[in-house]
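Novice: Below is target-v1.txt; it holds compact mmCIF, C-alpha atoms and all ligand atoms.
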# COMPACT_ATOMS: atom_id res chain seq x y z
CA MET A 1 0.00 0.00 0.00
CA THR A 2 1.33 3.48 -0.86
CA ARG A 3 0.20 6.50 1.14
CA SER A 4 0.88 10.18 0.46
CA ALA A 5 2.01 13.18 2.50
CA ASP A 6 3.42 16.57 1.69
CA VAL A 7 6.24 15.94 4.16
CA VAL A 8 7.53 12.67 5.55
CA VAL A 9 9.71 13.19 8.61
CA ILE A 10 11.95 10.19 9.23
CA GLY A 11 12.73 9.82 12.95
CA GLY A 12 10.57 10.78 15.92
CA GLY A 13 13.19 11.81 18.48
CA GLN A 14 13.55 15.42 19.59
CA ALA A 15 14.56 16.63 16.09
CA GLY A 16 11.58 14.96 14.39
CA LEU A 17 9.21 16.38 17.01
CA ALA A 18 10.64 19.90 16.66
CA ALA A 19 10.09 19.62 12.90
CA GLY A 20 6.52 18.43 13.52
CA TYR A 21 5.86 21.36 15.83
CA HIS A 22 6.83 23.93 13.20
CA LEU A 23 5.17 22.12 10.29
CA ARG A 24 1.96 21.99 12.30
CA ARG A 25 2.16 25.71 13.08
CA LEU A 26 2.51 26.45 9.38
CA GLY A 27 -0.35 24.10 8.50
CA VAL A 28 1.84 21.78 6.43
CA GLU A 29 0.53 18.22 6.13
CA HIS A 30 3.07 15.72 7.40
CA VAL A 31 3.68 12.37 9.02
CA ILE A 32 6.52 11.36 11.35
CA LEU A 33 7.81 7.79 10.95
CA ASP A 34 9.77 6.45 13.91
CA ALA A 35 11.40 3.07 14.35
CA GLN A 36 10.93 2.98 18.12
CA ALA A 37 7.94 1.40 19.83
CA ALA A 38 7.69 4.29 22.33
CA PRO A 39 8.39 8.06 22.42
CA GLY A 40 11.76 9.49 23.47
CA GLY A 41 14.23 8.68 20.67
CA ALA A 42 17.72 7.83 21.87
CA TRP A 43 17.00 9.01 25.42
CA GLN A 44 15.19 5.73 26.06
CA HIS A 45 18.42 3.79 25.76
CA THR A 46 21.08 5.73 27.63
CA TRP A 47 22.72 4.52 30.84
CA ASP A 48 20.73 4.85 34.05
CA SER A 49 22.74 7.61 35.74
CA LEU A 50 23.07 9.94 32.71
CA ARG A 51 22.47 13.58 33.56
CA LEU A 52 21.73 16.38 31.08
CA PHE A 53 24.55 18.88 30.87
CA SER A 54 22.08 21.77 31.16
CA PRO A 55 19.25 22.70 33.51
CA PRO A 56 15.72 22.08 32.13
CA GLN A 57 15.03 25.64 30.96
CA TYR A 58 18.03 25.29 28.60
CA SER A 59 16.96 21.86 27.42
CA SER A 60 13.63 22.73 25.87
CA LEU A 61 12.06 22.25 22.47
CA PRO A 62 10.10 25.07 20.79
CA GLY A 63 6.83 26.03 22.42
CA ARG A 64 7.13 24.24 25.73
CA LEU A 65 9.66 24.62 28.51
CA MET A 66 10.94 21.39 30.03
CA PRO A 67 9.57 21.30 33.60
CA ALA A 68 12.03 20.98 36.47
CA GLN A 69 12.73 17.50 37.78
CA PRO A 70 12.06 17.50 41.52
CA GLY A 71 15.30 17.46 43.48
CA GLU A 72 17.57 17.60 40.40
CA THR A 73 19.33 20.59 38.85
CA TYR A 74 20.35 18.48 35.85
CA PRO A 75 17.51 16.19 34.75
CA ASP A 76 18.06 12.52 33.97
CA ALA A 77 17.22 10.73 30.72
CA ARG A 78 13.93 9.36 32.09
CA HIS A 79 12.78 12.94 32.63
CA VAL A 80 13.63 13.80 29.02
CA VAL A 81 11.66 10.78 27.76
CA GLU A 82 8.63 11.92 29.78
CA TYR A 83 9.00 15.45 28.44
CA LEU A 84 9.18 14.25 24.82
CA ALA A 85 6.20 11.92 25.28
CA ASP A 86 4.18 14.79 26.73
CA TYR A 87 5.37 17.15 23.96
CA GLU A 88 4.20 14.95 21.14
CA LYS A 89 0.84 14.39 22.83
CA ARG A 90 0.30 18.05 23.66
CA TYR A 91 0.86 19.14 20.04
CA GLU A 92 -0.92 16.08 18.61
CA LEU A 93 2.03 15.28 16.40
CA PRO A 94 1.24 12.56 13.84
CA VAL A 95 3.87 10.00 14.80
CA GLU A 96 3.66 6.46 13.44
CA ARG A 97 5.69 4.15 15.65
CA GLY A 98 7.51 0.92 14.95
CA VAL A 99 8.21 2.00 11.36
CA TRP A 100 11.75 1.55 10.11
CA VAL A 101 12.51 3.45 6.88
CA ASP A 102 14.79 1.44 4.61
CA ALA A 103 15.30 3.86 1.76
CA VAL A 104 14.29 7.07 0.02
CA HIS A 105 14.12 7.09 -3.79
CA ARG A 106 13.46 9.80 -6.36
CA ASP A 107 10.17 9.25 -8.13
CA GLY A 108 9.66 12.03 -10.67
CA THR A 109 8.41 15.14 -8.90
CA HIS A 110 8.02 13.12 -5.69
CA LEU A 111 10.10 11.04 -3.31
CA ARG A 112 9.27 7.45 -2.43
CA VAL A 113 9.90 6.58 1.19
CA GLU A 114 10.23 2.83 1.51
CA SER A 115 9.40 1.38 4.92
CA GLU A 116 8.63 -1.96 6.48
CA ALA A 117 5.06 -0.73 6.93
CA GLY A 118 4.60 0.20 3.27
CA ASP A 119 5.66 3.05 1.00
CA TRP A 120 4.97 6.76 1.26
CA ARG A 121 4.80 9.14 -1.68
CA ALA A 122 6.16 12.45 -0.39
CA ARG A 123 6.76 15.86 -1.87
CA THR A 124 9.53 16.54 0.63
CA VAL A 125 11.43 14.61 3.31
CA ILE A 126 13.02 15.70 6.57
CA SER A 127 15.55 13.20 7.84
CA ALA A 128 15.89 13.33 11.65
CA THR A 129 17.31 9.89 12.38
CA GLY A 130 20.03 10.99 14.82
CA THR A 131 23.27 9.13 15.45
CA TRP A 132 22.50 6.66 18.24
CA THR A 133 21.97 3.75 15.83
CA ARG A 134 25.48 4.26 14.41
CA PRO A 135 27.99 3.94 17.25
CA PHE A 136 31.60 4.52 16.23
CA ILE A 137 34.62 2.57 17.48
CA PRO A 138 38.06 3.57 16.16
CA ALA A 139 40.32 1.04 14.47
CA VAL A 140 42.79 0.30 17.27
CA PRO A 141 45.39 -2.44 16.80
CA GLY A 142 44.62 -5.62 18.73
CA ARG A 143 40.87 -5.04 19.01
CA ARG A 144 40.14 -8.56 17.80
CA GLU A 145 42.81 -10.07 20.04
CA PHE A 146 41.36 -8.80 23.31
CA SER A 147 39.59 -11.69 25.02
CA GLY A 148 37.58 -9.58 27.51
CA ARG A 149 34.28 -7.85 26.91
CA GLN A 150 34.05 -4.83 24.60
CA LEU A 151 31.07 -2.55 24.47
CA HIS A 152 30.15 0.88 23.18
CA THR A 153 28.39 3.58 25.23
CA VAL A 154 25.11 2.48 23.62
CA GLN A 155 25.36 -0.87 25.43
CA TYR A 156 26.41 0.53 28.82
CA LYS A 157 23.57 0.59 31.35
CA SER A 158 24.89 0.67 34.92
CA PRO A 159 28.02 -0.02 36.99
CA VAL A 160 26.44 -3.03 38.73
CA GLU A 161 27.67 -5.63 36.24
CA PHE A 162 31.24 -4.26 36.47
CA ALA A 163 31.56 -4.32 40.26
CA GLY A 164 35.05 -5.49 41.23
CA ARG A 165 36.17 -5.66 37.57
CA ARG A 166 39.06 -3.96 35.79
CA VAL A 167 37.56 -1.67 33.16
CA ILE A 168 39.21 0.56 30.56
CA VAL A 169 36.97 3.48 29.59
CA VAL A 170 38.01 5.09 26.29
CA GLY A 171 37.07 8.66 25.37
CA GLY A 172 37.62 12.15 26.77
CA GLY A 173 34.18 13.62 26.05
CA ASN A 174 31.06 13.84 28.20
CA SER A 175 30.15 10.18 27.75
CA GLY A 176 33.63 8.98 28.71
CA ALA A 177 33.74 11.22 31.79
CA GLN A 178 30.23 10.27 32.94
CA VAL A 179 30.80 6.53 32.45
CA ALA A 180 34.22 6.66 34.16
CA ALA A 181 32.65 8.57 37.06
CA ASP A 182 29.77 6.10 37.23
CA LEU A 183 32.17 3.16 37.53
CA ALA A 184 34.87 4.79 39.65
CA SER A 185 33.58 3.77 43.07
CA VAL A 186 32.81 0.11 42.22
CA ALA A 187 35.36 -0.93 39.60
CA GLU A 188 39.08 -0.54 38.94
CA VAL A 189 38.89 2.07 36.18
CA THR A 190 41.57 3.09 33.70
CA TRP A 191 40.38 6.11 31.75
CA ALA A 192 42.14 6.52 28.38
CA THR A 193 41.78 9.79 26.50
CA GLN A 194 43.45 11.10 23.36
CA ARG A 195 44.34 14.36 25.10
CA PRO A 196 44.13 15.40 28.74
CA PRO A 197 40.48 15.91 29.78
CA ARG A 198 39.33 19.51 29.47
CA TYR A 199 36.61 20.37 31.96
CA LEU A 200 34.38 23.36 31.35
CA ALA A 201 34.23 25.79 34.26
CA ASP A 202 31.86 24.34 36.85
CA ASP A 203 29.33 27.16 36.39
CA ILE A 204 29.00 26.78 32.59
CA ASP A 205 25.63 25.47 31.51
CA GLY A 206 23.93 24.51 28.26
CA ARG A 207 23.16 28.09 27.39
CA ALA A 208 26.85 28.94 27.11
CA LEU A 209 27.32 25.89 24.87
CA PHE A 210 24.43 26.97 22.69
CA ASP A 211 25.77 30.54 22.44
CA ALA A 212 29.25 29.27 21.52
CA ALA A 213 27.84 27.02 18.77
CA THR A 214 25.71 29.87 17.39
CA ALA A 215 28.65 32.31 17.39
CA ARG A 216 30.76 29.77 15.51
CA ARG A 217 28.10 29.20 12.83
CA GLN A 218 27.62 32.94 12.38
CA ALA A 219 31.39 33.48 12.07
CA LEU A 220 31.75 30.71 9.49
CA ASP A 221 28.73 31.95 7.49
CA ALA A 222 30.21 35.46 7.48
CA GLY A 223 33.58 34.12 6.30
CA SER A 224 35.26 35.17 9.56
CA THR A 225 37.77 33.22 11.64
CA ASP A 226 36.52 29.99 13.20
CA THR A 227 35.74 30.76 16.86
CA GLY A 228 36.15 27.10 17.81
CA GLY A 229 32.53 26.82 18.95
CA VAL A 230 31.68 24.55 21.87
CA ALA A 231 35.10 22.92 21.69
CA SER A 232 36.70 26.24 22.60
CA LEU A 233 35.08 26.02 26.05
CA GLY A 234 36.27 22.50 26.85
CA ASP A 235 34.98 18.99 26.30
CA ILE A 236 33.45 17.91 29.57
CA VAL A 237 30.59 19.53 31.45
CA ALA A 238 31.12 19.05 35.15
CA VAL A 239 27.66 17.66 35.96
CA PRO A 240 27.37 16.77 39.66
CA PRO A 241 28.40 13.06 39.46
CA VAL A 242 31.47 13.95 37.33
CA ARG A 243 32.39 16.82 39.62
CA ALA A 244 32.04 14.59 42.69
CA ALA A 245 34.25 11.83 41.22
CA ARG A 246 36.81 14.36 39.96
CA ASP A 247 36.95 16.22 43.28
CA ALA A 248 37.27 12.94 45.17
CA GLY A 249 40.37 12.21 43.08
CA LEU A 250 38.74 9.21 41.37
CA LEU A 251 39.08 10.42 37.78
CA HIS A 252 42.62 10.02 36.47
CA ALA A 253 43.07 10.04 32.72
CA LYS A 254 45.91 8.27 30.95
CA PRO A 255 46.91 8.95 27.35
CA MET A 256 45.37 6.68 24.73
CA PHE A 257 46.94 3.22 24.60
CA THR A 258 48.62 2.09 21.40
CA ARG A 259 47.11 -1.39 21.20
CA LEU A 260 44.92 -3.91 22.91
CA THR A 261 46.50 -7.22 23.90
CA ARG A 262 44.72 -10.50 24.68
CA THR A 263 44.39 -9.49 28.34
CA GLY A 264 44.41 -5.70 28.38
CA ALA A 265 46.09 -2.67 26.83
CA GLU A 266 49.62 -1.50 26.12
CA TRP A 267 50.87 2.12 26.07
CA ALA A 268 53.65 3.63 23.95
CA ASP A 269 56.11 3.50 26.87
CA GLY A 270 55.50 -0.23 27.29
CA THR A 271 53.16 0.07 30.30
CA LEU A 272 50.54 -2.67 30.42
CA ALA A 273 47.13 -2.74 32.11
CA GLU A 274 45.10 -5.90 32.52
CA ALA A 275 41.38 -5.50 31.88
CA ASP A 276 38.16 -7.47 32.00
CA ALA A 277 36.30 -5.01 29.80
CA VAL A 278 36.80 -2.05 27.48
CA ILE A 279 34.01 0.50 27.14
CA TRP A 280 34.29 2.62 24.00
CA CYS A 281 32.82 6.09 24.60
CA THR A 282 34.02 7.17 21.20
CA GLY A 283 31.05 8.79 19.61
CA PHE A 284 28.69 8.27 16.73
CA ARG A 285 28.15 8.83 13.03
CA PRO A 286 24.98 10.14 11.38
CA ALA A 287 22.41 7.43 10.57
CA LEU A 288 21.91 8.13 6.88
CA ALA A 289 21.85 4.71 5.20
CA HIS A 290 18.30 5.36 3.96
CA PHE A 291 19.69 8.03 1.60
CA ALA A 292 22.30 5.72 0.05
CA SER A 293 20.55 5.25 -3.29
CA LEU A 294 20.23 9.04 -3.79
CA ARG A 295 24.00 9.40 -4.13
CA LEU A 296 24.07 12.82 -2.46
CA ARG A 297 27.35 14.69 -2.33
CA GLY A 298 29.12 14.95 1.02
CA THR A 299 32.26 14.40 3.04
CA ARG A 300 33.15 12.49 6.20
CA GLY A 301 29.75 10.76 6.38
CA HIS A 302 27.91 14.08 6.13
CA ILE A 303 25.70 15.24 3.28
CA ALA A 304 26.38 18.65 1.75
CA THR A 305 23.75 21.09 3.03
CA VAL A 306 22.81 24.74 2.97
CA GLY A 307 21.27 25.21 6.38
CA THR A 308 19.27 21.98 6.64
CA ARG A 309 18.57 21.59 2.90
CA ALA A 310 20.54 19.06 0.87
CA VAL A 311 22.56 20.87 -1.77
CA ASP A 312 21.75 18.20 -4.37
CA ASP A 313 18.00 18.07 -3.84
CA PRO A 314 15.90 20.92 -2.35
CA ARG A 315 13.18 18.42 -1.38
CA LEU A 316 15.43 16.89 1.27
CA HIS A 317 16.27 18.36 4.66
CA LEU A 318 18.58 16.99 7.36
CA LEU A 319 17.92 17.94 10.94
CA GLY A 320 19.63 17.38 14.26
CA TYR A 321 22.83 15.52 13.40
CA GLY A 322 25.37 18.11 14.49
CA ASP A 323 26.58 21.63 13.86
CA TRP A 324 26.67 20.93 10.13
CA THR A 325 22.84 21.00 10.11
CA GLY A 326 22.56 24.10 12.35
CA PRO A 327 24.35 25.44 15.43
CA ALA A 328 23.96 22.96 18.31
CA SER A 329 21.22 21.20 16.35
CA ALA A 330 22.08 17.89 18.05
CA THR A 331 20.87 19.33 21.36
CA LEU A 332 17.41 19.87 22.78
CA ILE A 333 17.71 23.64 22.92
CA GLY A 334 19.54 23.95 19.61
CA VAL A 335 17.27 21.99 17.29
CA GLY A 336 14.34 24.42 17.47
CA ARG A 337 15.77 27.08 15.20
CA PRO A 338 16.91 24.84 12.33
CA ALA A 339 13.58 22.97 12.61
CA ARG A 340 11.76 26.28 12.16
CA ASP A 341 13.92 27.23 9.18
CA ALA A 342 13.43 23.82 7.54
CA ALA A 343 9.65 24.01 8.00
CA ARG A 344 9.55 27.52 6.52
CA GLU A 345 11.63 26.54 3.51
CA ILE A 346 9.45 23.51 2.90
CA ALA A 347 6.23 25.52 3.24
CA SER A 348 7.52 27.96 0.67
CA LEU A 349 8.64 25.19 -1.71
CA LEU A 350 5.27 23.46 -1.48
CA SER A 351 3.34 26.64 -2.17
P1 LIG A 401 17.44 10.48 18.28
O1 LIG A 401 17.06 10.84 19.65
O2 LIG A 401 18.42 9.39 18.07
O3 LIG A 401 16.09 10.13 17.50
C1 LIG A 401 16.11 9.60 16.21
C2 LIG A 401 14.92 8.68 16.07
O4 LIG A 401 14.90 8.22 14.72
C3 LIG A 401 15.02 7.46 16.95
O5 LIG A 401 13.77 7.21 17.57
C4 LIG A 401 15.40 6.36 15.98
O6 LIG A 401 14.94 5.09 16.35
C5 LIG A 401 14.72 6.83 14.72
N1 LIG A 401 15.31 6.29 13.49
C6 LIG A 401 16.63 6.19 13.17
N2 LIG A 401 16.77 5.66 11.94
C7 LIG A 401 15.51 5.45 11.48
C8 LIG A 401 14.98 4.94 10.27
N3 LIG A 401 15.78 4.54 9.26
N4 LIG A 401 13.64 4.83 10.11
C9 LIG A 401 12.81 5.24 11.12
N5 LIG A 401 13.24 5.74 12.29
C10 LIG A 401 14.58 5.85 12.46
N6 LIG A 401 21.75 17.05 24.33
C11 LIG A 401 21.31 18.01 25.16
O7 LIG A 401 20.61 18.93 24.74
N7 LIG A 401 21.65 17.99 26.48
C12 LIG A 401 22.40 16.98 27.00
O8 LIG A 401 22.68 16.99 28.18
C13 LIG A 401 22.84 15.90 26.14
N8 LIG A 401 23.53 14.86 26.63
C14 LIG A 401 23.85 13.82 25.80
C15 LIG A 401 24.50 12.70 26.31
C16 LIG A 401 24.80 11.63 25.49
C17 LIG A 401 25.51 10.43 26.04
C18 LIG A 401 24.48 11.67 24.13
C19 LIG A 401 24.82 10.52 23.21
C20 LIG A 401 23.84 12.78 23.61
C21 LIG A 401 23.52 13.87 24.43
N9 LIG A 401 22.87 15.00 23.93
C22 LIG A 401 22.48 16.00 24.78
C23 LIG A 401 22.71 15.17 22.48
C24 LIG A 401 21.33 15.01 21.86
O9 LIG A 401 20.33 15.69 22.55
C25 LIG A 401 20.94 13.57 21.53
O10 LIG A 401 21.90 12.94 20.75
C26 LIG A 401 19.55 13.48 20.85
O11 LIG A 401 19.08 12.23 21.18
C27 LIG A 401 19.49 13.68 19.33
O12 LIG A 401 18.09 13.71 18.96
P2 LIG A 401 17.60 13.27 17.52
O13 LIG A 401 16.13 13.45 17.50
O14 LIG A 401 18.42 13.95 16.50
O15 LIG A 401 18.01 11.72 17.44
Any chance you could give the structure as structure tokens?
Specialist:
Amino acid sequence: MTRSADVVVIGGGQAGLAAGYHLRRLGVEHVILDAQAAPGGAWQHTWDSLRLFSPPQYSSLPGRLMPAQPGETYPDARHVVEYLADYEKRYELPVERGVWVDAVHRDGTHLRVESEAGDWRARTVISATGTWTRPFIPAVPGRREFSGRQLHTVQYKSPVEFAGRRVIVVGGGNSGAQVAADLASVAEVTWATQRPPRYLADDIDGRALFDAATARRQALDAGSTDTGGVASLGDIVAVPPVRAARDAGLLHAKPMFTRLTRTGAEWADGTLAEADAVIWCTGFRPALAHFASLRLRGTRGHIATVGTRAVDDPRLHLLGYGDWTGPASATLIGVGRPARDAAREIASLLS
């Protein structure tokens, strides 16, 4: 069965919902197809102790402030899931759940969105599939040799199963710091980072990150010098659990090891560390396999865009993946503006 819509939004996480909010405001007919069985996008799957790096008022989608979480300055992921579920209900966003989109094809003046639940004939498509389904692990020598357990952040849930174990946590970003802090009091943790961890000042919140990302985008658009964006402030937000572990002297980073051995890791100076598990907190890539057959231009796994619009096809927009689709667009507070711009462009194209 083939159905039709002016806009098919692929992905019903925060980016897909922000797009739905603005399309609805502009009266543009649309449907949101989401692979998950329940609302909340990637937030449903993060580890139990994860804390947002910003207070709720700086973690809000357009139209509705995230309420405070009782007793918490930095909300947890469960709170975000509840907020997103409430958001989609409040704005009656047309989300179809349990629908995995396999591919998007050109079909004359339209696009054909191929899904397990049937095809959609669309005039335009917004892709908002995030990065969580594409975890990245770097090619490190010896990875296949290591006989212990290896997992990526996406598989990490809680420290309980690592109690008393020797664990190497890899990655100097927020995920690496939060996972290392989570494990520090129950496991023997070695934290390996490519460069020494750079903590943001303890009083910096999500708003400063958002401002830095916006300033960088504006500078680049104006042809001025790159301000460095969020990275210029540091890599790690000192959320309370990270701050507590750091201040208790439990977070010691070592440089990145040069290879994994059968029983652990080896550093350039010959130091060895035995390990039962390695947790790779090494980031993600955009989930864009559904665009493969369109052969869109791009570099480093990205698709060339102007704002959110694909350079090669004005009927396609990409939303939420990272700064390349709008300043801080991979954050709750940052995705609103590019979502608004995408919806406006689409409304004007359709009319
Ligand atoms: P997702 O939440 O991943 O949603 C995409 C949806 O699309 C999912 O439901 C997915 O199942 C679905 N999908 C994917 N492919 C398909 C397909 N082919 N067909 C159909 N559906 C599909 N941001 C903040 O603002 N504050 C923070 O404190 C913060 N902390 C973070 C901590 C961690 C560890 C991580 C990883 C990210 C954090 N972020 C934070 C960043 C950001 O908010 C999240 O990455 C966010 O989940 C991105 O939202 P999204 O809607 O783009 O993608």
Novice: Pick from A:Arg149, A:Lys254, A:Arg165, A:Arg340: nearest to Thr193 in chain A, with all atoms listed in the file counted?
Specialist: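 For Thr193 in chain A, the nearest of the candidates is A:Lys254.
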Novice: Enumerate residues in contact with ligand LIG 401 (chain A): an atom-to-atom distance of at most 8 Å, counting all atoms listed in the file. Format the result as number ranges by chain.
Specialist: A: 10-17, 33-36, 39-43, 46, 50-54, 58-59, 98-103, 115, 128-133, 153, 174-175, 206, 283-284, 287-290, 319-321, 329-334
Novice: Near range 301-315 of chain A, counting all atoms listed in the file, which residues have an atom at most 10 Å away, once you skip same-chain residues fewer than 5 positions from it, shown as a PyMOL selection string?
Specialist: chain A and resi 7+106+109-111+122-127+285-288+291+294-296+320-327+329+338-339+341-343+345-346+349-350
Novice: What is the distance, in Å and to one decimal place, between CA of Pro240 in chain A and CA of Pro55 in chain A?
Specialist: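 Spanning CA of Pro240 in chain A to CA of Pro55 in chain A is a straight-line distance of 11.8 Å.
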Novice: Which distance in Å separates CA of Glu266 in chain A and CA of Gly176 in chain A, to one decimal?
Specialist: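 Rounded to one decimal, the two atoms are 19.3 Å apart.
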